[in-house]
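To start, the structure itself, in structure tokens.
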Amino acid sequence: MAQVKVYVTLKPTLLDAQGRAVQSGLKALGYDSVQQVRVGKYIEMEVAGDQAAVDREVREMCDRLLANPVIENYRYEVIE
Amino acid sequence: MKFGVVRFPGSNCDQDAFHVLRDVVRQPVDYVWHQEAALKGYDCIVLPGGFSYGDYLRTGALARLSPVMDAVAKHAERGRPVIGICNGFQVLCEAHLLPGALVRNVRRKFVCRTVHLRTENAGTPWTCALRDAQVLRVPIAHGEGCYVADDDTLAELSAARRVVFRYCDASGRTTPESNPNGSLNGIAAIANEGFNVLGMMPHPERASEKVLGSADGRGIFESIVRHLLTA
């Protein structure tokens, strides 16, 4: 059983309204050092199969559902 | 002629659409449960507004996996009319029946108010009862209605007159102030290449009777009825 961690983020060209709101919240707390915040999604999965199969399937899952390639990028980690 | 209003778990404008079709434009209409795998005998399919599947993952992302969406895609491929309103527009984009995507409003707020729309193309099945540049007053109610697409897609939409409505001011001018959500090029509604699939963020079903403050949205339903009668 592999542990899979998927990170989905808005493409850099898109305004991240949520990230901007969080940034202004941090600023309200006095953290003026924060120059940029992007908020993404984190998805944990347990996936059965050998390493190659898990890798192939997770990529497919990301392309088909977990991320929308029009607006989002993704990356993932597989921990055996 | 018969309309089908699809109900996903979380649809909440289904009754409004049903009411307008049955009681205002007086056409036969059924609800269609999202688990239905076949669409028999419907001329036009409506994907209503709401929060299908709680907007989990992304707006519209899970609804497009409902069995009914395969049937909706086939219906659309045959050139038959499909309209997605608000969440329905999001579902159509996720289902790749329309290009682009809808993301969080630029000013981050859920916006719920009446806006003005300029009719950009009165030559579609959805606008044939309107005239070019006609300004409609129709409400919006969404948190993720900012339309985005890549530059090539935007150019294609404009060149082919597939942008059917743009946000504008009362006099019909498209200004940054009249764009309520930051949509690129002020886009409020787009059609597919064949113009039989329309996605729009504003809610024409909530503005189809004077008692509601505007009856301008009725023109869209009257258009599709007229189109189907003459097709």
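Every chain in the structure tokens takes a letter, A first, then B, and so on in the order presented; its residues are numbered from 1, and the ligands are numbered from 1 following the presented order.
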Can you pull out every residue from chain A that DSSP, working from the backbone, puts in alpha helix (DSSP H), and format the result as a compact mmCIF listing (two decimals) with C-alpha atoms, in the first residue's frame?
# COMPACT_ATOMS: atom_id res chain seq x y z
CA ALA A 17 -8.05 35.36 -4.41
CA GLN A 18 -7.88 33.04 -1.40
CA GLY A 19 -4.12 33.43 -1.13
CA ARG A 20 -4.48 37.19 -1.27
CA ALA A 21 -7.07 37.13 1.53
CA VAL A 22 -4.79 35.00 3.70
CA GLN A 23 -1.91 37.36 2.98
CA SER A 24 -3.94 40.33 4.16
CA GLY A 25 -4.84 38.32 7.29
CA LEU A 26 -1.18 37.68 8.00
CA LYS A 27 -0.49 41.34 7.43
CA ALA A 28 -3.17 42.21 10.00
CA GLN A 51 5.21 1.46 -7.75
CA ALA A 52 4.85 1.80 -11.50
CA ALA A 53 1.11 1.16 -11.41
CA VAL A 54 0.54 3.60 -8.57
CA ASP A 55 2.56 6.25 -10.36
CA ARG A 56 0.62 5.79 -13.58
CA GLU A 57 -2.76 5.74 -11.89
CA VAL A 58 -2.11 8.77 -9.69
CA ARG A 59 -1.04 10.78 -12.71
CA GLU A 60 -4.24 9.76 -14.47
CA MET A 61 -6.35 10.63 -11.42
- Query: Could you list, as a ChimeraX atom specification, every residue of chain A that has an atom within 10 Å of an atom of chain B, counting only C-alpha atoms?
  - Reply: /A:10,14-18,20-21,41,43,64-71
Okay, now the selection with C-alpha atoms, as a short mmCIF file (atom, residue, chain, number, x, y, z; two decimals), in the first residue's frame?
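Dumped everything to part19.cif:
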data_model
loop_
_atom_site.label_atom_id
_atom_site.label_comp_id
_atom_site.auth_asym_id
_atom_site.auth_seq_id
_atom_site.Cartn_x
_atom_site.Cartn_y
_atom_site.Cartn_z
CA LEU A 10 -3.63 27.38 -9.05
CA LEU A 14 -4.08 33.14 -12.15
CA LEU A 15 -4.93 35.51 -9.37
CA ASP A 16 -5.27 33.47 -6.18
CA ALA A 17 -8.05 35.36 -4.41
CA GLN A 18 -7.88 33.04 -1.40
CA ARG A 20 -4.48 37.19 -1.27
CA ALA A 21 -7.07 37.13 1.53
CA LYS A 41 -5.25 21.74 -2.03
CA ILE A 43 -5.06 15.32 -1.00
CA ARG A 64 -8.86 13.42 -14.97
CA LEU A 65 -10.27 14.68 -11.70
CA LEU A 66 -8.04 15.87 -8.88
CA ALA A 67 -6.74 18.87 -10.82
CA ASN A 68 -8.28 20.92 -13.61
CA PRO A 69 -5.46 21.44 -16.10
CA VAL A 70 -7.10 24.65 -17.36
CA ILE A 71 -6.46 26.42 -14.06
#
- Message: Set the distance at 6 Å and use only C-alpha atoms: which residues neighbour A:Thr9 once local chain neighbours fewer than 4 positions away are removed? I'd like the list as a PyMOL selection string.
- Response: chain A and resi 40+72-73
Would you mind exporting the chosen residues as a compact mmCIF listing (two decimals), in the first residue's frame, restricted to C-alpha atoms?
# COMPACT_ATOMS: atom_id res chain seq x y z
CA GLY A 40 -3.73 25.11 -2.74
CA GLU A 72 -4.32 24.18 -11.87
CA ASN A 73 -0.93 22.48 -11.63
- Nearest candidate to B:Met1 (options B:Asp23, B:Asp16, B:Met200, B:Ile45; using only C-alpha atoms): B:Ile45
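Between atom CA of B:Gly60 and atom CA of B:Ala76 there is a distance of 17.5 Å.
Atom CA of B:His203 sits 13.9 Å away from atom CA of B:Pro180.
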- Message: Need to verify the contact set: B:Ala159, 12 Å, only C-alpha atoms, exclusion of same-chain residues closer than 4 positions in sequence. Can you return it as a PyMOL selection string?
- Response: chain B and resi 120-121+152-155+163-164+193
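Of note, atom CA of B:Pro9 and atom CA of B:Gly88 are spaced 12.5 Å apart.
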